[in-house]
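What follows is my_file.txt (compact mmCIF, C-alpha atoms (C1' of nucleotides)).
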```
# COMPACT_ATOMS: atom_id res chain seq x y z
CA MET A 1 64.90 79.59 -3.48
CA ASN A 2 62.54 79.19 -0.57
CA VAL A 3 63.78 78.03 2.76
CA PRO A 4 63.32 74.28 3.10
CA PRO A 5 59.96 73.55 4.73
CA GLN A 6 60.49 73.07 8.44
CA HIS A 7 56.97 71.69 8.74
CA ASP A 8 54.68 69.72 6.53
CA GLU A 9 53.24 72.64 4.62
CA GLU A 10 50.09 70.89 3.55
CA GLU A 11 49.23 69.70 7.04
CA VAL A 12 49.95 73.10 8.51
CA HIS A 13 47.81 74.86 5.95
CA LEU A 14 45.02 72.43 6.71
CA PHE A 15 45.25 73.40 10.35
CA VAL A 16 45.15 77.08 9.46
CA GLU A 17 42.04 76.77 7.35
CA ARG A 18 40.20 74.49 9.75
CA MET A 19 40.94 76.62 12.77
CA ALA A 20 39.97 79.75 10.87
CA MET A 21 36.66 78.23 9.85
CA ALA A 22 35.96 77.14 13.42
CA PHE A 23 36.53 80.72 14.55
CA ALA A 24 34.45 82.09 11.69
CA ASP A 25 31.62 79.82 12.80
CA VAL A 26 31.47 81.61 16.14
CA GLY A 27 31.35 85.07 14.62
CA PHE A 28 35.03 85.87 14.09
CA PRO A 29 35.79 87.62 10.77
CA ARG A 30 36.79 84.95 8.31
CA MET A 31 39.81 86.51 6.66
CA ALA A 32 41.14 87.86 9.94
CA ALA A 33 41.07 84.34 11.34
CA ARG A 34 42.95 82.96 8.33
CA VAL A 35 45.63 85.61 8.70
CA LEU A 36 45.87 85.11 12.44
CA PHE A 37 46.49 81.39 12.26
CA THR A 38 48.82 81.73 9.31
CA VAL A 39 51.07 83.94 11.41
CA MET A 40 50.58 81.71 14.42
CA SER A 41 51.76 78.63 12.59
CA ALA A 42 54.87 80.33 11.21
CA ASP A 43 58.10 80.05 13.16
CA ASP A 44 59.20 83.52 12.11
CA PRO A 45 57.31 86.78 11.55
CA LEU A 46 55.75 87.20 8.12
CA THR A 47 55.28 90.17 5.83
CA ALA A 48 51.86 91.07 4.46
CA GLY A 49 52.98 89.80 1.08
CA GLU A 50 54.06 86.45 2.51
CA ILE A 51 50.73 86.08 4.24
CA ALA A 52 48.88 86.86 1.02
CA GLY A 53 51.02 84.34 -0.83
CA ARG A 54 50.47 81.54 1.64
CA LEU A 55 46.73 82.05 1.67
CA GLY A 56 46.39 82.80 -2.02
CA VAL A 57 44.41 85.98 -1.37
CA SER A 58 44.84 89.58 -2.44
CA ALA A 59 47.03 92.05 -0.64
CA ALA A 60 43.92 94.12 0.00
CA ALA A 61 42.33 91.32 1.99
CA VAL A 62 45.45 90.96 4.14
CA SER A 63 45.56 94.70 4.69
CA GLY A 64 42.03 94.72 6.03
CA ALA A 65 42.60 91.68 8.20
CA VAL A 66 45.76 92.95 9.88
CA ARG A 67 44.09 96.27 10.56
CA TYR A 68 41.35 94.41 12.38
CA LEU A 69 43.74 92.14 14.27
CA THR A 70 46.21 94.79 15.39
CA GLN A 71 43.28 96.83 16.69
CA PHE A 72 42.80 94.23 19.42
CA ALA A 73 46.51 93.39 19.76
CA MET A 74 45.95 89.90 18.43
CA LEU A 75 48.73 90.59 15.99
CA VAL A 76 51.81 92.77 16.38
CA ARG A 77 53.25 94.83 13.57
CA GLU A 78 57.01 95.17 13.51
CA PRO A 79 58.42 97.82 11.21
CA VAL A 80 61.67 96.58 9.71
CA LYS A 81 64.16 99.35 9.15
CA GLY A 82 65.95 99.01 5.84
CA SER A 83 62.92 97.39 4.25
CA ARG A 84 59.64 98.68 2.93
CA SER A 85 57.64 95.84 4.36
CA ASP A 86 56.61 95.42 7.95
CA ARG A 87 56.51 92.03 9.58
CA TYR A 88 53.71 90.58 11.65
CA ARG A 89 54.06 88.22 14.57
CA MET A 90 52.04 86.85 17.44
CA PRO A 91 52.14 88.93 20.62
CA ASP A 92 53.82 87.51 23.69
CA ASN A 93 50.69 87.81 25.74
CA PRO A 94 48.20 85.14 24.70
CA TRP A 95 45.36 86.89 22.97
CA TYR A 96 42.97 83.96 23.44
CA GLU A 97 43.18 84.33 27.19
CA ALA A 98 42.25 87.98 26.99
CA THR A 99 39.50 87.17 24.52
CA ILE A 100 37.84 84.54 26.64
CA THR A 101 38.07 86.44 29.88
CA LYS A 102 36.85 89.67 28.29
CA THR A 103 33.38 89.58 29.75
CA THR A 104 31.92 92.59 28.01
CA ILE A 105 29.50 90.32 26.20
CA TYR A 106 28.05 89.04 29.45
CA LYS A 107 28.05 92.52 30.88
CA ASN A 108 25.79 93.55 28.04
CA PHE A 109 23.48 90.58 28.54
CA ILE A 110 23.25 91.32 32.25
CA ASP A 111 22.40 94.97 31.74
CA ILE A 112 19.68 94.26 29.21
CA ALA A 113 18.23 91.43 31.28
CA ALA A 114 18.18 93.70 34.32
CA GLY A 115 16.07 96.14 32.36
CA GLY A 116 13.75 93.29 31.48
CA VAL A 117 13.36 92.31 35.11
CA ASP A 118 12.29 95.85 35.91
CA ALA A 119 9.80 95.93 33.06
CA LEU A 120 8.37 92.61 34.26
CA HIS A 121 7.93 93.77 37.87
CA GLY A 122 10.74 91.72 39.38
CA ARG A 123 10.32 88.13 40.44
CA ASN A 124 6.60 88.59 41.16
CA THR A 125 5.51 87.17 37.82
CA PRO A 126 6.48 83.97 36.00
CA ALA A 127 8.11 85.93 33.21
CA GLY A 128 9.95 88.19 35.63
CA GLU A 129 11.22 85.19 37.56
CA ARG A 130 12.54 83.58 34.38
CA VAL A 131 14.38 86.66 33.22
CA ALA A 132 15.77 87.30 36.70
CA GLU A 133 17.20 83.81 36.83
CA MET A 134 18.82 84.22 33.45
CA ARG A 135 20.33 87.50 34.58
CA ASP A 136 21.71 85.88 37.72
CA PHE A 137 23.21 83.04 35.74
CA PHE A 138 25.01 85.36 33.36
CA LEU A 139 26.22 87.33 36.37
CA PHE A 140 27.59 84.13 37.83
CA VAL A 141 29.36 83.22 34.59
CA GLN A 142 30.86 86.66 34.36
CA GLU A 143 32.29 86.37 37.86
CA GLU A 144 33.69 82.94 37.07
CA LEU A 145 35.36 84.12 33.90
CA GLU A 146 36.96 87.02 35.67
CA SER A 147 38.94 84.65 37.86
CA LEU A 148 39.57 82.12 35.10
CA GLY A 149 42.61 83.93 33.81
CA ASP A 150 44.23 83.83 37.23
CA ARG A 151 43.51 80.15 37.67
CA TRP A 152 44.98 79.41 34.23
CA ARG A 153 48.21 81.24 34.95
CA ALA A 154 48.53 79.49 38.28
CA ARG A 155 48.09 76.12 36.65
CA ARG A 156 50.49 76.93 33.88
CA ALA A 157 53.12 77.99 36.38
CA ALA A 158 52.61 74.72 38.23
CA THR A 159 53.10 72.59 35.13
CA GLY A 160 56.16 74.53 34.09
CA HIS A 161 54.83 75.87 30.82
CA GLY A 162 55.06 79.50 29.98
CA GLY A 163 57.89 79.99 32.43
CA PRO A 164 58.13 82.32 35.46
CA ALA A 165 58.99 85.31 33.29
CA GLY A 166 58.83 85.06 29.57
CA GLY A 167 62.13 86.24 28.17
CA MET B 1 -10.95 91.61 24.39
CA ASN B 2 -7.37 91.06 25.36
CA VAL B 3 -6.35 90.39 28.90
CA PRO B 4 -5.33 93.61 30.63
CA PRO B 5 -1.59 94.13 30.22
CA GLN B 6 0.10 92.71 33.29
CA HIS B 7 3.36 94.36 32.31
CA ASP B 8 4.36 97.56 30.60
CA GLU B 9 4.14 96.30 27.05
CA GLU B 10 6.43 98.86 25.56
CA GLU B 11 9.18 98.31 28.10
CA VAL B 12 8.91 94.55 27.74
CA HIS B 13 9.09 94.72 23.99
CA LEU B 14 12.16 96.91 24.29
CA PHE B 15 13.78 94.24 26.40
CA VAL B 16 12.88 91.57 23.86
CA GLU B 17 14.40 93.44 20.95
CA ARG B 18 17.50 94.51 22.81
CA MET B 19 18.22 91.06 24.17
CA ALA B 20 17.60 89.52 20.78
CA MET B 21 20.02 91.92 19.13
CA ALA B 22 22.65 91.18 21.75
CA PHE B 23 22.29 87.49 21.00
CA ALA B 24 22.33 88.11 17.27
CA ASP B 25 25.58 89.99 17.71
CA VAL B 26 27.25 86.84 19.00
CA GLY B 27 26.04 84.66 16.16
CA PHE B 28 22.59 83.60 17.32
CA PRO B 29 19.95 83.62 14.55
CA ARG B 30 18.18 86.92 14.72
CA MET B 31 14.58 85.89 14.36
CA ALA B 32 15.02 82.89 16.62
CA ALA B 33 16.29 85.19 19.33
CA ARG B 34 13.31 87.52 18.96
CA VAL B 35 10.90 84.62 19.23
CA LEU B 36 12.77 83.14 22.18
CA PHE B 37 12.64 86.28 24.27
CA THR B 38 9.08 87.04 23.27
CA VAL B 39 8.01 83.73 24.77
CA MET B 40 10.34 84.21 27.72
CA SER B 41 8.77 87.51 28.64
CA ALA B 42 5.22 86.21 28.43
CA ASP B 43 3.58 84.90 31.60
CA ASP B 44 1.63 82.30 29.65
CA PRO B 45 2.46 80.13 26.64
CA LEU B 46 1.89 81.75 23.26
CA THR B 47 0.66 80.44 19.93
CA ALA B 48 2.69 80.98 16.77
CA GLY B 49 0.12 83.50 15.67
CA GLU B 50 0.43 85.46 18.89
CA ILE B 51 4.19 85.51 18.56
CA ALA B 52 3.93 86.77 14.99
CA GLY B 53 1.49 89.43 16.11
CA ARG B 54 3.64 90.69 18.96
CA LEU B 55 6.72 90.92 16.78
CA GLY B 56 4.95 92.17 13.68
CA VAL B 57 6.53 89.51 11.48
CA SER B 58 5.15 86.91 9.11
CA ALA B 59 3.94 83.49 10.19
CA ALA B 60 6.65 82.01 8.01
CA ALA B 61 9.36 83.70 10.01
CA VAL B 62 7.92 82.37 13.25
CA SER B 63 7.64 78.90 11.78
CA GLY B 64 11.32 78.84 10.91
CA ALA B 65 12.36 80.25 14.24
CA VAL B 66 10.43 77.79 16.38
CA ARG B 67 11.76 74.91 14.30
CA TYR B 68 15.25 76.07 15.09
CA LEU B 69 14.56 76.65 18.77
CA THR B 70 12.71 73.41 19.47
CA GLN B 71 15.58 71.54 17.83
CA PHE B 72 17.78 72.47 20.78
CA ALA B 73 14.98 72.36 23.34
CA MET B 74 15.20 76.08 23.92
CA LEU B 75 11.47 76.21 23.30
CA VAL B 76 8.80 73.62 24.04
CA ARG B 77 5.82 73.00 21.79
CA GLU B 78 2.60 72.07 23.49
CA PRO B 79 -0.16 70.72 21.23
CA VAL B 80 -3.52 71.92 22.45
CA LYS B 81 -6.24 69.34 21.87
CA GLY B 82 -9.43 70.88 20.64
CA SER B 83 -7.55 73.64 18.86
CA ARG B 84 -5.56 73.82 15.67
CA SER B 85 -2.87 75.97 17.18
CA ASP B 86 -0.05 74.72 19.36
CA ARG B 87 1.36 76.77 22.18
CA TYR B 88 5.00 77.49 22.89
CA ARG B 89 6.56 77.98 26.30
CA MET B 90 9.97 78.07 27.92
CA PRO B 91 11.27 74.71 29.10
CA ASP B 92 11.68 74.09 32.83
CA ASN B 93 15.36 73.39 32.44
CA PRO B 94 17.24 76.61 31.82
CA TRP B 95 18.45 76.52 28.24
CA TYR B 96 21.11 79.17 28.83
CA GLU B 97 22.86 76.93 31.33
CA ALA B 98 22.99 74.09 28.85
CA THR B 99 24.09 76.50 26.13
CA ILE B 100 27.01 77.93 28.07
CA THR B 101 28.21 74.63 29.46
CA LYS B 102 27.85 72.89 26.13
CA THR B 103 31.53 72.80 25.30
CA THR B 104 31.32 71.36 21.82
CA ILE B 105 32.77 74.59 20.48
CA TYR B 106 35.86 74.25 22.59
CA LYS B 107 36.03 70.56 21.84
CA ASN B 108 36.24 71.48 18.18
CA PHE B 109 38.94 74.07 18.79
CA ILE B 110 40.94 71.58 20.82
CA ASP B 111 40.75 68.85 18.20
CA ILE B 112 41.82 71.15 15.38
CA ALA B 113 44.61 72.69 17.45
CA ALA B 114 45.84 69.21 18.37
CA GLY B 115 46.13 68.44 14.68
CA GLY B 116 48.10 71.63 14.25
CA VAL B 117 50.52 70.67 17.03
CA ASP B 118 51.18 67.39 15.25
CA ALA B 119 51.76 69.12 11.92
CA LEU B 120 54.16 71.53 13.64
CA HIS B 121 56.19 68.76 15.32
CA GLY B 122 55.01 69.36 18.87
CA ARG B 123 56.55 71.93 21.17
CA ASN B 124 59.94 71.68 19.46
CA THR B 125 59.33 74.74 17.29
CA PRO B 126 58.13 78.25 18.15
CA ALA B 127 54.97 77.77 16.12
CA GLY B 128 54.31 74.36 17.66
CA GLU B 129 54.78 75.76 21.13
CA ARG B 130 52.30 78.56 20.47
CA VAL B 131 49.64 76.28 19.11
CA ALA B 132 50.19 73.77 21.91
CA GLU B 133 49.67 76.48 24.50
CA MET B 134 46.47 77.62 22.84
CA ARG B 135 45.24 74.04 22.77
CA ASP B 136 46.02 73.63 26.46
CA PHE B 137 44.21 76.83 27.32
CA PHE B 138 41.06 75.80 25.49
CA LEU B 139 41.30 72.44 27.18
CA PHE B 140 41.47 74.21 30.52
CA VAL B 141 38.45 76.36 29.70
CA GLN B 142 36.50 73.31 28.61
CA GLU B 143 37.21 71.59 31.91
CA GLU B 144 36.19 74.68 33.83
CA LEU B 145 32.93 75.01 31.95
CA GLU B 146 32.06 71.40 32.55
CA SER B 147 31.99 72.00 36.27
CA LEU B 148 30.40 75.43 35.99
CA GLY B 149 26.88 74.03 35.81
CA ASP B 150 27.36 72.15 39.04
CA ARG B 151 28.75 75.18 40.81
CA TRP B 152 25.82 77.28 39.60
CA ARG B 153 23.22 74.84 40.86
CA ALA B 154 24.98 74.63 44.20
CA ARG B 155 24.98 78.38 44.55
CA ARG B 156 21.37 78.67 43.46
CA ALA B 157 20.34 76.09 46.04
CA ALA B 158 22.21 78.05 48.70
CA THR B 159 20.45 81.32 47.88
CA GLY B 160 17.08 79.65 47.75
CA HIS B 161 16.26 80.44 44.15
CA GLY B 162 15.07 77.76 41.81
CA GLY B 163 13.70 75.69 44.66
CA PRO B 164 14.55 72.12 45.63
CA ALA B 165 12.22 70.63 43.05
CA GLY B 166 10.60 72.83 40.50
CA GLY B 167 7.01 72.32 39.48
C1' DC C 1 65.28 112.74 -8.41
C1' DG C 2 62.79 109.24 -10.40
C1' DC C 3 62.23 104.13 -10.50
C1' DT C 4 60.96 99.99 -7.96
C1' DT C 5 58.78 97.43 -4.50
C1' DG C 6 55.31 96.85 -1.10
C1' DT C 7 51.00 98.48 1.35
C1' DT C 8 46.60 100.88 1.74
C1' DT C 9 42.27 102.72 0.08
C1' DC C 10 38.08 102.55 -2.61
C1' DA C 11 34.23 101.23 -5.70
C1' DC C 12 32.29 97.20 -7.20
C1' DA C 13 30.73 92.43 -7.76
C1' DA C 14 29.74 87.90 -6.06
C1' DA C 15 27.85 85.19 -2.47
C1' DC C 16 25.32 84.54 1.49
C1' DT C 17 21.65 85.52 4.85
C1' DT C 18 17.18 86.43 6.04
C1' DG C 19 12.33 87.55 5.96
C1' DT C 20 8.10 87.87 2.87
C1' DG C 21 4.05 86.46 0.20
C1' DA C 22 1.58 82.85 -1.69
C1' DA C 23 0.34 78.30 -2.07
C1' DG C 24 -0.19 73.85 0.09
C1' DA C 25 -1.10 70.66 3.95
C1' DC C 26 -3.16 69.35 8.13
C1' DT C 27 -6.90 69.25 11.52
C1' DG C 28 -11.12 70.09 13.77
C1' DT C 29 -16.20 71.47 12.88
C1' DA C 30 -20.71 71.33 10.78
C1' DT D 1 -17.62 65.61 2.71
C1' DA D 2 -16.99 70.48 2.52
C1' DC D 3 -15.17 74.35 4.99
C1' DA D 4 -12.32 77.29 7.92
C1' DG D 5 -8.37 78.28 10.64
C1' DT D 6 -3.47 77.53 11.49
C1' DC D 7 0.98 76.15 10.39
C1' DT D 8 4.64 74.87 6.94
C1' DT D 9 7.14 75.03 2.68
C1' DC D 10 9.14 77.34 -1.23
C1' DA D 11 10.85 80.76 -4.62
C1' DC D 12 12.20 85.25 -4.54
C1' DA D 13 13.78 89.91 -3.17
C1' DA D 14 16.20 93.06 -0.17
C1' DG D 15 20.06 93.85 2.57
C1' DT D 16 24.58 92.69 4.23
C1' DT D 17 29.07 90.83 4.13
C1' DT D 18 33.32 89.99 2.04
C1' DG D 19 37.13 89.79 -1.11
C1' DT D 20 38.96 91.63 -5.60
C1' DG D 21 41.27 94.77 -8.96
C1' DA D 22 42.97 99.15 -9.77
C1' DA D 23 44.90 103.18 -8.44
C1' DA D 24 47.02 106.02 -4.98
C1' DC D 25 50.49 106.25 -1.61
C1' DA D 26 55.04 105.50 0.91
C1' DA D 27 59.88 104.48 1.15
C1' DG D 28 64.39 102.62 -0.19
C1' DC D 29 67.89 102.52 -4.04
C1' DG D 30 70.51 103.74 -8.03
```
Go ahead and render the structure in this file as C-alpha cells.
Amino acid sequence: MNVPPQHDEEEVHLFVERMAMAFADVGFPRMAARVLFTVMSADDPLTAGEIAGRLGVSAAAVSGAVRYLTQFAMLVREPVKGSRSDRYRMPDNPWYEATITKTTIYKNFIDIAAGGVDALHGRNTPAGERVAEMRDFFLFVQEELESLGDRWRARRAATGHGGPAGG
Amino acid sequence: MNVPPQHDEEEVHLFVERMAMAFADVGFPRMAARVLFTVMSADDPLTAGEIAGRLGVSAAAVSGAVRYLTQFAMLVREPVKGSRSDRYRMPDNPWYEATITKTTIYKNFIDIAAGGVDALHGRNTPAGERVAEMRDFFLFVQEELESLGDRWRARRAATGHGGPAGG
DNA sequence: CGCTTGTTTCACAAACTTGTGAAGACTGTA
DNA sequence: TACAGTCTTCACAAGTTTGTGAAACAAGCG
C-alpha cells in the first residue's frame, strides 16, 4: 500500500546516488550526501525510517547523517505531534548558495599564505613573490564569492524564479 | 656545505605544513600538497632527494607525489644533463588560477542535476523545482568562474604585479 | 502502566588511504 | 663493461573512515 510513484523511482534513485558520489568526491561525507539528495528528490518530507528504506541502509547511518546535516541547516527536522517519528525536509533557503559563498576555506588559505610571505621576506625573493601572488589570488576569489550570492539573487529575481518573497 | 639559509627555515617549513594541511582538508592529496609547497617556498628548483630531505619522508613518497603533480602541470620537471637527478620547480603559469577556474566539478554537478530534473518531470513538482534551482545555481557559478580568470588578470595588470610579460 | 514503534548511541569490523622499505631500473662515469 | 647514484615500482603495514548490529532510550496507545 505505497502511494503510487509520482516519479520514475529508478531514475530518481540514480540521480540521488550519482549526485551523492559527486559530492563525496569533493570531500562531502558520503552518507550525508545520500540522505540529503534523497530528501531533496522527495516531494514530501520523509521520516528517518523512510530515508533508511529508500537507501537500503541502517537506521544508525541515517541518524548520523541527519545529525551532520542539521548541524549546518542543510536539512530541517520537523517534529510531528501525534507521531513518534520526526520528518525531514529541505530548508527554504538554498543551502548550496550558503555553502559556495561561505569563504572560510579561502580565509584560511589567505591567512596561512600571509604567514608564508612574512617568513619568506615579502616579495623580495622568488619564493616570496610566488606565495604573495597566490595569497592575492585567493583574496581576490574570496571577494568575488562574497558578492556572488547577491548577483545570483538579482539574476533569479530577473528571470522570475524563486519569486519576490517565498511563501 | 649548504648555502646559507636565505629564509627562516623553521618559519618556512611551518608555512609548508600548514598550507599543505589546509589543502588536504579540502580533498587534495596530502603528500602532494607537502611537496608542492616545499617547492613553492624554495627560491631555486629542488631535486627529488632534496624534497625528501626537507620533508623527512621517503623517496617513494616524493616519487608518487611528483607524478601526481606533474600530471596536472602543478609542478614542472627539469632534466639536468650531466646529472642523474632531475629538478622540480613551479610552473610560470599559476596553477591555482587554473585549478579554481577549472569548472569540471561544477560541470559534473550540472549534468547530474539535469538528469535529476528530467527524472522528476521538470519544475512541475516540488522536488523537480528544487533540483532545477540547484542546477541553475551551479550553472551560474560555473559561468562566473569562467570569467574569473580574466578579471583576475585584468586586475593584476592594473596593480602592476605579474608584469606585462613574465620571464 | 507496560507494550509497541521509532530513533539514538556505542563498540566493532570491513574497506580504503597512505607512506615505508626493499628491490629493480635507468643513466652517467671510469 | 662494471659501478655508483638516483628515481620508480611494489607488497605490506599502520592509521583512518565509515556503516552495521545490538542495546538503550523516548513517546504514543491500549
Q: One decimal, Å: what's the distance from atom C1' of DC29 of chain D over to atom CA of Val80 of chain A, could you say?
A: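 The value is 16.2 Å.
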Put chain A on top of chain B with a least-squares fit on all C-alpha atoms, paired in order, and send it back as a compact mmCIF listing (two decimals) with C-alpha atoms, in the frame of the given file.
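So the final result, stored in superposed-v8.txt, reads:
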```txt
# COMPACT_ATOMS: atom_id res chain seq x y z
CA MET A 1 -10.80 92.64 23.95
CA ASN A 2 -7.23 91.91 24.92
CA VAL A 3 -6.34 91.02 28.44
CA PRO A 4 -5.22 94.12 30.32
CA PRO A 5 -1.44 94.47 30.06
CA GLN A 6 0.14 92.93 33.12
CA HIS A 7 3.46 94.52 32.19
CA ASP A 8 4.50 97.68 30.47
CA GLU A 9 4.27 96.39 26.93
CA GLU A 10 6.60 98.92 25.43
CA GLU A 11 9.34 98.33 27.98
CA VAL A 12 9.00 94.58 27.65
CA HIS A 13 9.18 94.72 23.88
CA LEU A 14 12.28 96.86 24.17
CA PHE A 15 13.85 94.17 26.30
CA VAL A 16 12.92 91.51 23.78
CA GLU A 17 14.46 93.33 20.86
CA ARG A 18 17.60 94.37 22.70
CA MET A 19 18.25 90.92 24.09
CA ALA A 20 17.59 89.37 20.69
CA MET A 21 20.06 91.71 19.03
CA ALA A 22 22.68 90.96 21.67
CA PHE A 23 22.26 87.26 20.93
CA ALA A 24 22.29 87.87 17.19
CA ASP A 25 25.59 89.70 17.62
CA VAL A 26 27.20 86.53 18.93
CA GLY A 27 25.98 84.37 16.08
CA PHE A 28 22.50 83.36 17.23
CA PRO A 29 19.86 83.41 14.47
CA ARG A 30 18.13 86.75 14.65
CA MET A 31 14.50 85.76 14.31
CA ALA A 32 14.91 82.75 16.57
CA ALA A 33 16.23 85.06 19.27
CA ARG A 34 13.28 87.43 18.89
CA VAL A 35 10.83 84.56 19.20
CA LEU A 36 12.68 83.07 22.15
CA PHE A 37 12.62 86.22 24.23
CA THR A 38 9.07 87.03 23.25
CA VAL A 39 7.96 83.73 24.75
CA MET A 40 10.29 84.20 27.69
CA SER A 41 8.80 87.54 28.60
CA ALA A 42 5.22 86.28 28.42
CA ASP A 43 3.58 85.02 31.59
CA ASP A 44 1.59 82.42 29.69
CA PRO A 45 2.38 80.24 26.67
CA LEU A 46 1.82 81.85 23.29
CA THR A 47 0.56 80.55 19.97
CA ALA A 48 2.57 81.03 16.79
CA GLY A 49 0.04 83.62 15.69
CA GLU A 50 0.40 85.57 18.93
CA ILE A 51 4.15 85.56 18.57
CA ALA A 52 3.88 86.82 15.00
CA GLY A 53 1.50 89.54 16.12
CA ARG A 54 3.68 90.77 18.94
CA LEU A 55 6.75 90.93 16.75
CA GLY A 56 4.98 92.19 13.66
CA VAL A 57 6.50 89.49 11.46
CA SER A 58 5.04 86.89 9.13
CA ALA A 59 3.78 83.54 10.27
CA ALA A 60 6.41 81.96 8.04
CA ALA A 61 9.21 83.60 9.99
CA VAL A 62 7.78 82.33 13.28
CA SER A 63 7.42 78.85 11.82
CA GLY A 64 11.07 78.74 10.89
CA ALA A 65 12.20 80.14 14.21
CA VAL A 66 10.24 77.71 16.37
CA ARG A 67 11.50 74.82 14.29
CA TYR A 68 15.03 75.93 15.05
CA LEU A 69 14.37 76.52 18.74
CA THR A 70 12.49 73.31 19.47
CA GLN A 71 15.32 71.40 17.80
CA PHE A 72 17.55 72.32 20.73
CA ALA A 73 14.75 72.26 23.33
CA MET A 74 15.04 75.98 23.89
CA LEU A 75 11.33 76.17 23.32
CA VAL A 76 8.63 73.62 24.09
CA ARG A 77 5.64 73.04 21.87
CA GLU A 78 2.41 72.17 23.63
CA PRO A 79 -0.38 70.84 21.45
CA VAL A 80 -3.70 72.12 22.74
CA LYS A 81 -6.50 69.64 22.26
CA GLY A 82 -9.69 71.30 21.09
CA SER A 83 -7.75 73.96 19.23
CA ARG A 84 -5.89 74.06 15.96
CA SER A 85 -3.04 76.08 17.33
CA ASP A 86 -0.22 74.81 19.47
CA ARG A 87 1.23 76.89 22.25
CA TYR A 88 4.88 77.54 22.94
CA ARG A 89 6.48 78.03 26.32
CA MET A 90 9.88 78.08 27.93
CA PRO A 91 11.16 74.70 29.12
CA ASP A 92 11.59 74.10 32.82
CA ASN A 93 15.24 73.33 32.44
CA PRO A 94 17.18 76.52 31.77
CA TRP A 95 18.38 76.36 28.22
CA TYR A 96 21.07 79.01 28.77
CA GLU A 97 22.81 76.78 31.27
CA ALA A 98 22.93 73.93 28.80
CA THR A 99 24.06 76.30 26.08
CA ILE A 100 26.96 77.74 27.99
CA THR A 101 28.19 74.47 29.38
CA LYS A 102 27.88 72.72 26.02
CA THR A 103 31.57 72.63 25.25
CA THR A 104 31.42 71.18 21.78
CA ILE A 105 32.84 74.41 20.41
CA TYR A 106 35.95 74.10 22.54
CA LYS A 107 36.18 70.43 21.76
CA ASN A 108 36.43 71.35 18.11
CA PHE A 109 39.07 73.99 18.74
CA ILE A 110 41.10 71.54 20.80
CA ASP A 111 41.00 68.84 18.16
CA ILE A 112 42.05 71.15 15.36
CA ALA A 113 44.78 72.75 17.45
CA ALA A 114 46.08 69.31 18.37
CA GLY A 115 46.45 68.56 14.69
CA GLY A 116 48.35 71.80 14.31
CA VAL A 117 50.74 70.88 17.09
CA ASP A 118 51.52 67.64 15.30
CA ALA A 119 52.09 69.41 12.00
CA LEU A 120 54.42 71.86 13.75
CA HIS A 121 56.51 69.14 15.41
CA GLY A 122 55.27 69.67 18.96
CA ARG A 123 56.71 72.25 21.28
CA ASN A 124 60.14 72.11 19.60
CA THR A 125 59.50 75.17 17.45
CA PRO A 126 58.21 78.64 18.32
CA ALA A 127 55.09 78.11 16.27
CA GLY A 128 54.48 74.67 17.75
CA GLU A 129 54.89 76.05 21.25
CA ARG A 130 52.35 78.80 20.57
CA VAL A 131 49.74 76.46 19.18
CA ALA A 132 50.31 73.95 21.98
CA GLU A 133 49.70 76.62 24.57
CA MET A 134 46.51 77.70 22.89
CA ARG A 135 45.35 74.10 22.80
CA ASP A 136 46.09 73.68 26.50
CA PHE A 137 44.22 76.84 27.36
CA PHE A 138 41.11 75.77 25.49
CA LEU A 139 41.39 72.39 27.20
CA PHE A 140 41.49 74.15 30.53
CA VAL A 141 38.44 76.26 29.69
CA GLN A 142 36.54 73.21 28.58
CA GLU A 143 37.23 71.47 31.88
CA GLU A 144 36.16 74.55 33.80
CA LEU A 145 32.92 74.87 31.90
CA GLU A 146 32.07 71.25 32.48
CA SER A 147 31.93 71.85 36.22
CA LEU A 148 30.33 75.28 35.93
CA GLY A 149 26.83 73.89 35.72
CA ASP A 150 27.29 72.00 38.97
CA ARG A 151 28.68 75.03 40.75
CA TRP A 152 25.75 77.14 39.53
CA ARG A 153 23.15 74.70 40.79
CA ALA A 154 24.90 74.46 44.13
CA ARG A 155 24.91 78.22 44.48
CA ARG A 156 21.33 78.53 43.42
CA ALA A 157 20.28 75.94 45.98
CA ALA A 158 22.17 77.88 48.63
CA THR A 159 20.45 81.16 47.84
CA GLY A 160 17.05 79.54 47.74
CA HIS A 161 16.24 80.25 44.12
CA GLY A 162 15.06 77.55 41.83
CA GLY A 163 13.91 75.45 44.75
CA PRO A 164 14.95 71.91 45.78
CA ALA A 165 12.64 70.32 43.23
CA GLY A 166 10.86 72.42 40.71
CA GLY A 167 7.18 71.58 40.88
```
Q | Test item: chain C residues at most 8 Å from chain B, counting all atoms listed in the file, as a list in words | A |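 The contacting residues on chain C are DG19, DT20, DT27 and DG28 of chain C.
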Q: Define the interface residues of chain D facing chain B as those within 8 Å, counting all atoms listed in the file, and report them as an MDAnalysis selection string.
A: chainID D and resid 5:8
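Comparing A:Arg155, A:Arg87, A:His121, A:Arg77 by their smallest distance to Asp136 of chain B, the closest is A:Arg155 (using all atoms listed in the file).
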Q: Do a neighbour search on segment 25-27 of chain A at 10 Å with all atoms listed in the file, toss out local chain neighbours closer than 4 positions, and write the hits as a ChimeraX atom specification.
A: /A:19-21 /B:24-28,105
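Note that atom CA of Val16 of chain A and atom CA of Pro79 of chain A are 24.7 Å apart.
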Q: Specify as a PyMOL selection string all residues of chain B found within 7 Å of chain A, counting only C-alpha atoms.
A: chain B and resi 7-8+11-12+15+18-19+22+26-27+40-43+109+112+115-116+119-120+125-127
(Q) Give me, as a PyMOL selection string, all polymer residues having an atom no more than 12 Å from DA30 of chain C, counting only C-alpha atoms (C1' of nucleotides) and skipping those fewer than 2 positions away in the same chain. (A) (chain C and resi 28) or (chain D and resi 1-4)
**Q.** d(atom CA of Glu146 of chain B, atom CA of Thr159 of chain A) in Å
**A.**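 These two atoms are separated by 21.2 Å.
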Q.
Counting all atoms listed in the file, find residues at most 12 Å from (30.6, 89.6, 2.4) (file frame) and give them as a VMD selection string.
A. (chain A and resid 29 to 31 61) or (chain C and resid 13 to 17) or (chain D and resid 15 to 20)
